[in-house]
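Peer 1: Dropping in target_13.tsv, with TSV, C-alpha atoms.
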chain	number	residue	atom	x	y	z
C	1	MET	CA	-33.10	-3.57	-10.37
C	2	GLU	CA	-35.36	-2.19	-7.69
C	3	GLU	CA	-35.44	1.59	-7.25
C	4	PRO	CA	-34.06	2.68	-3.89
C	5	MET	CA	-34.94	6.05	-2.43
C	6	VAL	CA	-31.39	6.75	-1.31
C	7	GLN	CA	-28.13	4.84	-1.18
C	8	PHE	CA	-25.50	5.21	1.52
C	9	ILE	CA	-22.16	4.35	-0.11
C	10	ASN	CA	-18.96	3.89	1.84
C	11	CYS	CA	-15.62	3.27	0.11
C	12	PHE	CA	-13.06	1.57	2.36
C	13	GLU	CA	-9.29	1.66	2.09
C	14	VAL	CA	-8.02	-1.52	3.75
C	15	PRO	CA	-4.31	-2.38	3.92
C	16	ALA	CA	-3.24	-5.55	2.12
C	17	GLY	CA	-3.53	-8.51	4.46
C	18	ARG	CA	-6.14	-6.85	6.72
C	19	GLU	CA	-9.16	-8.00	4.71
C	20	ASP	CA	-10.19	-10.58	7.31
C	21	ASP	CA	-9.95	-7.95	10.06
C	22	PHE	CA	-12.17	-5.69	8.00
C	23	MET	CA	-14.75	-8.46	7.60
C	24	VAL	CA	-14.81	-8.83	11.41
C	25	VAL	CA	-15.54	-5.10	11.72
C	26	HIS	CA	-18.23	-5.40	9.05
C	27	ALA	CA	-19.84	-8.32	10.92
C	28	GLU	CA	-19.82	-6.37	14.21
C	29	ILE	CA	-21.47	-3.38	12.57
C	30	ASN	CA	-24.07	-5.69	11.00
C	31	ALA	CA	-24.80	-7.23	14.40
C	32	PHE	CA	-25.13	-3.78	15.97
C	33	MET	CA	-27.48	-2.54	13.25
C	34	ALA	CA	-29.59	-5.70	13.48
C	35	SER	CA	-29.99	-5.12	17.25
C	36	GLN	CA	-31.39	-1.60	16.71
C	37	PRO	CA	-34.69	-0.38	15.37
C	38	HIS	CA	-33.84	0.59	11.83
C	39	ALA	CA	-36.98	1.71	10.07
C	40	GLY	CA	-36.41	2.40	6.42
C	41	TYR	CA	-33.55	-0.08	5.94
C	42	LEU	CA	-34.01	-1.82	2.59
C	43	GLY	CA	-30.90	-4.00	2.31
C	44	HIS	CA	-27.20	-3.78	1.71
C	45	ARG	CA	-24.37	-5.23	-0.30
C	46	LEU	CA	-20.66	-5.31	0.43
C	47	LEU	CA	-18.44	-5.49	-2.65
C	48	LYS	CA	-14.80	-6.59	-2.67
C	49	SER	CA	-12.33	-5.70	-5.40
C	50	LEU	CA	-11.16	-8.54	-7.63
C	51	THR	CA	-7.55	-7.39	-7.22
C	52	PRO	CA	-5.86	-6.52	-3.91
C	53	ASP	CA	-4.32	-3.31	-5.24
C	54	ALA	CA	-7.59	-1.44	-5.81
C	55	LYS	CA	-7.68	1.87	-3.95
C	56	TYR	CA	-10.96	0.82	-2.31
C	57	ARG	CA	-10.71	-2.84	-1.32
C	58	PHE	CA	-14.36	-2.80	-0.17
C	59	ILE	CA	-17.35	-0.67	-1.10
C	60	ASN	CA	-20.54	-0.94	0.93
C	61	PHE	CA	-24.02	0.02	-0.35
C	62	VAL	CA	-26.96	0.37	1.95
C	63	GLU	CA	-30.39	1.25	0.62
C	64	TRP	CA	-32.63	3.42	2.80
C	65	GLU	CA	-36.10	4.79	2.28
C	66	SER	CA	-34.91	8.36	2.96
C	67	PRO	CA	-31.98	10.42	4.28
C	68	GLU	CA	-33.97	10.84	7.51
C	69	HIS	CA	-34.15	7.07	8.01
C	70	TRP	CA	-30.41	6.83	7.39
C	71	ALA	CA	-29.66	9.61	9.91
C	72	ALA	CA	-31.87	8.04	12.58
C	73	ALA	CA	-29.90	4.79	12.34
C	74	HIS	CA	-26.51	6.51	12.71
C	75	GLY	CA	-26.84	8.21	16.10
C	76	PRO	CA	-24.33	8.60	18.97
C	77	ASP	CA	-24.18	4.88	19.80
C	78	PHE	CA	-23.27	4.04	16.23
C	79	LEU	CA	-20.69	6.81	15.99
C	80	ALA	CA	-19.07	5.74	19.25
C	81	MET	CA	-18.78	2.17	17.97
C	82	VAL	CA	-17.23	3.01	14.61
C	83	SER	CA	-14.75	5.38	16.29
C	84	ARG	CA	-13.06	2.48	18.11
C	85	PRO	CA	-9.27	2.94	17.98
C	86	ASP	CA	-8.70	-0.70	16.99
C	87	TRP	CA	-10.76	-0.07	13.85
C	88	ALA	CA	-8.51	2.79	12.71
C	89	PHE	CA	-6.56	0.50	10.35
C	90	PHE	CA	-8.94	1.40	7.55
C	91	THR	CA	-10.24	4.73	6.32
C	92	SER	CA	-13.51	5.36	4.55
C	93	VAL	CA	-15.28	7.81	2.27
C	94	PRO	CA	-19.04	7.85	3.04
C	95	ALA	CA	-21.85	9.80	1.33
C	96	LEU	CA	-25.54	9.56	0.39
C	97	TYR	CA	-26.54	9.15	-3.27
C	98	ASP	CA	-29.54	8.84	-5.49
C	99	VAL	CA	-29.92	7.58	-9.04
C	100	ALA	CA	-28.98	10.06	-11.80
C	101	TYR	CA	-29.19	7.63	-14.72
C	102	GLU	CA	-30.01	4.01	-15.33
C	103	GLY	CA	-29.08	2.00	-18.43
C	104	THR	CA	-30.02	-1.41	-19.75
C	105	PRO	CA	-28.58	-3.59	-22.53
K	106	MET	CA	-31.47	-7.69	-6.23
K	107	GLU	CA	-30.16	-9.67	-9.16
K	108	GLU	CA	-26.76	-11.28	-8.76
K	109	PRO	CA	-24.19	-9.84	-11.16
K	110	MET	CA	-21.04	-11.77	-11.99
K	111	VAL	CA	-18.82	-8.70	-11.68
K	112	GLN	CA	-19.31	-4.99	-11.13
K	113	PHE	CA	-17.16	-2.26	-12.63
K	114	ILE	CA	-17.28	0.67	-10.21
K	115	ASN	CA	-15.90	4.09	-11.02
K	116	CYS	CA	-15.83	6.91	-8.46
K	117	PHE	CA	-15.68	10.37	-10.04
K	118	GLU	CA	-14.36	13.57	-8.51
K	119	VAL	CA	-16.13	16.43	-10.30
K	120	PRO	CA	-15.51	20.08	-9.40
K	121	ALA	CA	-18.50	22.01	-8.08
K	122	GLY	CA	-20.42	23.54	-10.96
K	123	ARG	CA	-19.12	21.03	-13.55
K	124	GLU	CA	-21.86	18.45	-12.96
K	125	ASP	CA	-23.61	19.23	-16.25
K	126	ASP	CA	-20.31	18.90	-18.12
K	127	PHE	CA	-19.81	15.53	-16.49
K	128	MET	CA	-23.27	14.39	-17.59
K	129	VAL	CA	-22.33	15.34	-21.18
K	130	VAL	CA	-19.23	13.13	-20.90
K	131	HIS	CA	-21.34	10.34	-19.43
K	132	ALA	CA	-23.81	10.61	-22.31
K	133	GLU	CA	-21.00	10.49	-24.90
K	134	ILE	CA	-19.53	7.39	-23.29
K	135	ASN	CA	-22.99	5.79	-23.24
K	136	ALA	CA	-23.44	6.55	-26.94
K	137	PHE	CA	-20.03	5.10	-27.73
K	138	MET	CA	-20.70	1.92	-25.77
K	139	ALA	CA	-24.13	1.52	-27.38
K	140	SER	CA	-22.48	1.73	-30.84
K	141	GLN	CA	-20.09	-1.15	-30.04
K	142	PRO	CA	-20.64	-4.85	-29.66
K	143	HIS	CA	-20.72	-5.30	-25.90
K	144	ALA	CA	-21.39	-8.93	-25.10
K	145	GLY	CA	-21.81	-9.51	-21.40
K	146	TYR	CA	-23.12	-6.04	-20.54
K	147	LEU	CA	-25.94	-6.42	-17.99
K	148	GLY	CA	-26.84	-2.81	-17.17
K	149	HIS	CA	-25.54	0.21	-15.34
K	150	ARG	CA	-26.49	2.88	-12.86
K	151	LEU	CA	-25.01	6.32	-12.30
K	152	LEU	CA	-25.42	7.66	-8.78
K	153	LYS	CA	-25.10	11.32	-7.77
K	154	SER	CA	-24.37	12.50	-4.25
K	155	LEU	CA	-27.19	14.28	-2.44
K	156	THR	CA	-24.78	17.02	-1.36
K	157	PRO	CA	-22.31	18.84	-3.63
K	158	ASP	CA	-19.42	18.49	-1.19
K	159	ALA	CA	-19.12	14.70	-1.36
K	160	LYS	CA	-15.64	13.57	-2.39
K	161	TYR	CA	-17.15	11.54	-5.21
K	162	ARG	CA	-19.93	13.55	-6.84
K	163	PHE	CA	-20.80	10.60	-9.09
K	164	ILE	CA	-20.29	6.85	-8.79
K	165	ASN	CA	-20.98	4.62	-11.77
K	166	PHE	CA	-21.80	0.88	-11.55
K	167	VAL	CA	-21.75	-1.34	-14.57
K	168	GLU	CA	-22.65	-5.01	-14.32
K	169	TRP	CA	-20.79	-7.45	-16.59
K	170	GLU	CA	-20.99	-11.20	-16.97
K	171	SER	CA	-17.24	-11.56	-16.43
K	172	PRO	CA	-13.96	-9.61	-16.21
K	173	GLU	CA	-13.21	-10.83	-19.75
K	174	HIS	CA	-16.40	-9.24	-21.09
K	175	TRP	CA	-15.48	-6.01	-19.31
K	176	ALA	CA	-11.95	-6.01	-20.76
K	177	ALA	CA	-13.21	-6.68	-24.30
K	178	ALA	CA	-15.44	-3.60	-24.13
K	179	HIS	CA	-12.62	-1.30	-22.97
K	180	GLY	CA	-10.11	-1.60	-25.81
K	181	PRO	CA	-7.93	1.04	-27.53
K	182	ASP	CA	-10.85	2.99	-29.04
K	183	PHE	CA	-12.46	3.37	-25.65
K	184	LEU	CA	-9.21	4.37	-23.94
K	185	ALA	CA	-8.48	6.95	-26.63
K	186	MET	CA	-11.93	8.49	-26.14
K	187	VAL	CA	-11.77	8.74	-22.37
K	188	SER	CA	-8.28	10.25	-22.55
K	189	ARG	CA	-9.59	13.39	-24.29
K	190	PRO	CA	-7.89	16.45	-22.80
K	191	ASP	CA	-11.19	18.35	-22.50
K	192	TRP	CA	-12.42	15.59	-20.16
K	193	ALA	CA	-9.53	16.07	-17.73
K	194	PHE	CA	-11.63	18.25	-15.43
K	195	PHE	CA	-12.62	15.16	-13.45
K	196	THR	CA	-10.58	12.31	-12.05
K	197	SER	CA	-11.78	8.80	-11.38
K	198	VAL	CA	-11.03	5.69	-9.34
K	199	PRO	CA	-12.06	2.56	-11.29
K	200	ALA	CA	-11.94	-1.11	-10.25
K	201	LEU	CA	-13.76	-4.43	-10.67
K	202	TYR	CA	-15.68	-5.93	-7.74
K	203	ASP	CA	-17.76	-8.89	-6.79
K	204	VAL	CA	-20.19	-9.44	-3.94
K	205	ALA	CA	-18.61	-10.31	-0.56
K	206	TYR	CA	-21.79	-10.07	1.53
K	207	GLU	CA	-25.45	-9.34	1.01
K	208	GLY	CA	-27.91	-8.33	3.74
K	209	THR	CA	-31.67	-7.95	3.90
K	210	PRO	CA	-34.00	-6.34	6.46
Output the structure of this file as structure tokens.

Peer 2:
Amino acid sequence: MEEPMVQFINCFEVPAGREDDFMVVHAEINAFMASQPHAGYLGHRLLKSLTPDAKYRFINFVEWESPEHWAAAHGPDFLAMVSRPDWAFFTSVPALYDVAYEGTP
Amino acid sequence: MEEPMVQFINCFEVPAGREDDFMVVHAEINAFMASQPHAGYLGHRLLKSLTPDAKYRFINFVEWESPEHWAAAHGPDFLAMVSRPDWAFFTSVPALYDVAYEGTP
């Protein structure tokens, strides 16, 4: 695996049956981010639980060069967008992380 | 990034000040897993939040070839170990995931 500087991880609770709606939100956020300057963005991955009853139906990982790059990409415009009332059907737990340990077979 | 078949993700709530105790637990689990046959294990990464007030102080990712490989590695011996009363200071939210979307700069 490559070694990211920092990972922004967001765990999403999505009600059963709303997965497609969540993917629409995810696509809109992607389109917004792609339309902005986003220096330091290294890539991201959205994971979906194999079973629908997982507490977090989706977990998103975004790799950034630094916490400062992450903060610069999440300004007022971004916050206004993700606060849309019609997106309130899911809740999320976001935080920044770095690697504490890495293991191989 | 390489493309795993399935990811086992575990989000850990660890009380402030117990991070070192958690790392001891993590090391014991690593030692146990290394002592077992674990076909299908592809690697793992433990992430730690940059700030101590994150809901999940640690998030662990383990890549497996399949859900069946994961299940085979988490039998009765493993469950007995992780149920130790002296490890009850943290709680966790585990589930299996696969990739729903991948983005690049």

Peer 1: Need the shell around Glu207 (chain K): protein/DNA/RNA residues with any atom at most 8 Å away, counting only C-alpha atoms. Skip same-chain ones fewer than 6 positions apart. Format as a PyMOL selection string?

Peer 2: chain C and resi 43-46

Peer 1: After a least-squares superposition on chain C using every in-order C-alpha pair, I'd like chain K written out as a compact mmCIF listing (two decimals) with C-alpha atoms, keeping the file's coordinate frame.

Peer 2:
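This went into superposed-v2.txt:
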# COMPACT_ATOMS: atom_id res chain seq x y z
CA MET K 106 -33.13 -3.54 -10.34
CA GLU K 107 -35.38 -2.17 -7.65
CA GLU K 108 -35.45 1.59 -7.22
CA PRO K 109 -34.10 2.68 -3.85
CA MET K 110 -34.95 6.10 -2.45
CA VAL K 111 -31.38 6.77 -1.32
CA GLN K 112 -28.13 4.84 -1.19
CA PHE K 113 -25.49 5.21 1.50
CA ILE K 114 -22.16 4.35 -0.12
CA ASN K 115 -18.96 3.89 1.82
CA CYS K 116 -15.61 3.28 0.11
CA PHE K 117 -13.06 1.56 2.36
CA GLU K 118 -9.29 1.65 2.09
CA VAL K 119 -8.01 -1.53 3.76
CA PRO K 120 -4.30 -2.38 3.93
CA ALA K 121 -3.23 -5.54 2.13
CA GLY K 122 -3.53 -8.51 4.46
CA ARG K 123 -6.14 -6.85 6.73
CA GLU K 124 -9.16 -7.99 4.71
CA ASP K 125 -10.20 -10.57 7.31
CA ASP K 126 -9.95 -7.95 10.06
CA PHE K 127 -12.17 -5.69 8.00
CA MET K 128 -14.75 -8.46 7.60
CA VAL K 129 -14.80 -8.83 11.41
CA VAL K 130 -15.54 -5.10 11.72
CA HIS K 131 -18.23 -5.41 9.06
CA ALA K 132 -19.83 -8.31 10.93
CA GLU K 133 -19.81 -6.36 14.22
CA ILE K 134 -21.47 -3.38 12.57
CA ASN K 135 -24.07 -5.70 11.01
CA ALA K 136 -24.80 -7.22 14.42
CA PHE K 137 -25.13 -3.78 15.97
CA MET K 138 -27.49 -2.56 13.26
CA ALA K 139 -29.59 -5.73 13.50
CA SER K 140 -29.98 -5.13 17.27
CA GLN K 141 -31.39 -1.62 16.72
CA PRO K 142 -34.69 -0.40 15.39
CA HIS K 143 -33.85 0.54 11.81
CA ALA K 144 -36.99 1.71 10.07
CA GLY K 145 -36.40 2.40 6.41
CA TYR K 146 -33.54 -0.07 5.94
CA LEU K 147 -34.01 -1.82 2.57
CA GLY K 148 -30.90 -4.00 2.30
CA HIS K 149 -27.19 -3.78 1.71
CA ARG K 150 -24.36 -5.23 -0.31
CA LEU K 151 -20.65 -5.32 0.42
CA LEU K 152 -18.44 -5.49 -2.65
CA LYS K 153 -14.79 -6.59 -2.68
CA SER K 154 -12.32 -5.70 -5.41
CA LEU K 155 -11.15 -8.55 -7.63
CA THR K 156 -7.55 -7.40 -7.22
CA PRO K 157 -5.85 -6.53 -3.91
CA ASP K 158 -4.32 -3.32 -5.25
CA ALA K 159 -7.58 -1.44 -5.82
CA LYS K 160 -7.69 1.86 -3.95
CA TYR K 161 -10.94 0.82 -2.31
CA ARG K 162 -10.71 -2.84 -1.31
CA PHE K 163 -14.35 -2.81 -0.18
CA ILE K 164 -17.34 -0.66 -1.10
CA ASN K 165 -20.53 -0.94 0.92
CA PHE K 166 -24.02 0.02 -0.37
CA VAL K 167 -26.95 0.37 1.94
CA GLU K 168 -30.39 1.24 0.61
CA TRP K 169 -32.63 3.43 2.79
CA GLU K 170 -36.10 4.81 2.26
CA SER K 171 -34.92 8.36 2.95
CA PRO K 172 -31.98 10.42 4.27
CA GLU K 173 -33.97 10.84 7.50
CA HIS K 174 -34.16 7.07 8.00
CA TRP K 175 -30.41 6.86 7.38
CA ALA K 176 -29.66 9.63 9.89
CA ALA K 177 -31.87 8.05 12.57
CA ALA K 178 -29.91 4.80 12.33
CA HIS K 179 -26.52 6.51 12.71
CA GLY K 180 -26.85 8.22 16.09
CA PRO K 181 -24.35 8.60 18.97
CA ASP K 182 -24.18 4.87 19.80
CA PHE K 183 -23.28 4.03 16.23
CA LEU K 184 -20.69 6.81 15.97
CA ALA K 185 -19.08 5.74 19.24
CA MET K 186 -18.78 2.16 17.97
CA VAL K 187 -17.24 3.01 14.62
CA SER K 188 -14.76 5.36 16.28
CA ARG K 189 -13.06 2.47 18.12
CA PRO K 190 -9.28 2.95 17.99
CA ASP K 191 -8.69 -0.69 17.01
CA TRP K 192 -10.75 -0.06 13.86
CA ALA K 193 -8.49 2.78 12.71
CA PHE K 194 -6.56 0.50 10.36
CA PHE K 195 -8.94 1.41 7.55
CA THR K 196 -10.25 4.74 6.33
CA SER K 197 -13.51 5.36 4.56
CA VAL K 198 -15.28 7.81 2.26
CA PRO K 199 -19.03 7.85 3.03
CA ALA K 200 -21.85 9.78 1.32
CA LEU K 201 -25.53 9.55 0.38
CA TYR K 202 -26.54 9.16 -3.28
CA ASP K 203 -29.54 8.84 -5.49
CA VAL K 204 -29.92 7.57 -9.04
CA ALA K 205 -28.99 10.06 -11.79
CA TYR K 206 -29.20 7.64 -14.72
CA GLU K 207 -30.02 4.01 -15.32
CA GLY K 208 -29.09 2.01 -18.43
CA THR K 209 -30.03 -1.41 -19.75
CA PRO K 210 -28.59 -3.59 -22.54

Peer 1: Residues at most 8 Å from region 111-125 of chain K, counting all atoms listed in the file, excluding those fewer than 3 positions away in the same chain, as a ChimeraX atom specification?

Peer 2: /K:128-129,157-158,160-172,175,194-204

Peer 1: Just the selected residues (C-alpha atoms), exported as an mmCIF file, in the frame of the given file, please.

Peer 2:
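Listed below is the output, again26.cif:
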data_model
loop_
_atom_site.group_PDB
_atom_site.id
_atom_site.type_symbol
_atom_site.label_atom_id
_atom_site.label_comp_id
_atom_site.auth_asym_id
_atom_site.auth_seq_id
_atom_site.Cartn_x
_atom_site.Cartn_y
_atom_site.Cartn_z
ATOM 1 C CA MET K 128 -23.270 14.390 -17.590
ATOM 2 C CA VAL K 129 -22.330 15.340 -21.180
ATOM 3 C CA PRO K 157 -22.310 18.840 -3.630
ATOM 4 C CA ASP K 158 -19.420 18.490 -1.190
ATOM 5 C CA LYS K 160 -15.640 13.570 -2.390
ATOM 6 C CA TYR K 161 -17.150 11.540 -5.210
ATOM 7 C CA ARG K 162 -19.930 13.550 -6.840
ATOM 8 C CA PHE K 163 -20.800 10.600 -9.090
ATOM 9 C CA ILE K 164 -20.290 6.850 -8.790
ATOM 10 C CA ASN K 165 -20.980 4.620 -11.770
ATOM 11 C CA PHE K 166 -21.800 0.880 -11.550
ATOM 12 C CA VAL K 167 -21.750 -1.340 -14.570
ATOM 13 C CA GLU K 168 -22.650 -5.010 -14.320
ATOM 14 C CA TRP K 169 -20.790 -7.450 -16.590
ATOM 15 C CA GLU K 170 -20.990 -11.200 -16.970
ATOM 16 C CA SER K 171 -17.240 -11.560 -16.430
ATOM 17 C CA PRO K 172 -13.960 -9.610 -16.210
ATOM 18 C CA TRP K 175 -15.480 -6.010 -19.310
ATOM 19 C CA PHE K 194 -11.630 18.250 -15.430
ATOM 20 C CA PHE K 195 -12.620 15.160 -13.450
ATOM 21 C CA THR K 196 -10.580 12.310 -12.050
ATOM 22 C CA SER K 197 -11.780 8.800 -11.380
ATOM 23 C CA VAL K 198 -11.030 5.690 -9.340
ATOM 24 C CA PRO K 199 -12.060 2.560 -11.290
ATOM 25 C CA ALA K 200 -11.940 -1.110 -10.250
ATOM 26 C CA LEU K 201 -13.760 -4.430 -10.670
ATOM 27 C CA TYR K 202 -15.680 -5.930 -7.740
ATOM 28 C CA ASP K 203 -17.760 -8.890 -6.790
ATOM 29 C CA VAL K 204 -20.190 -9.440 -3.940
#

Peer 1: Tell me which protein, DNA and RNA residues are within 10 Å of Ala177 (chain K), counting all atoms listed in the file, leaving out same-chain ones fewer than 6 positions away, and put them as JSON, numbers by chain.

Peer 2: {"K": [142, 143, 144, 145]}

Peer 1: Could you tell me how far CA of Leu152 (chain K) lies from CA of His131 (chain K), in Å and to one decimal?

Peer 2: 11.7 Å

Peer 1: For CA of Leu155 (chain K) and CA of Ala88 (chain C), determine how far apart the two atoms are, in Å to one decimal place.

Peer 2: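 Interatomic distance here is 26.7 Å.
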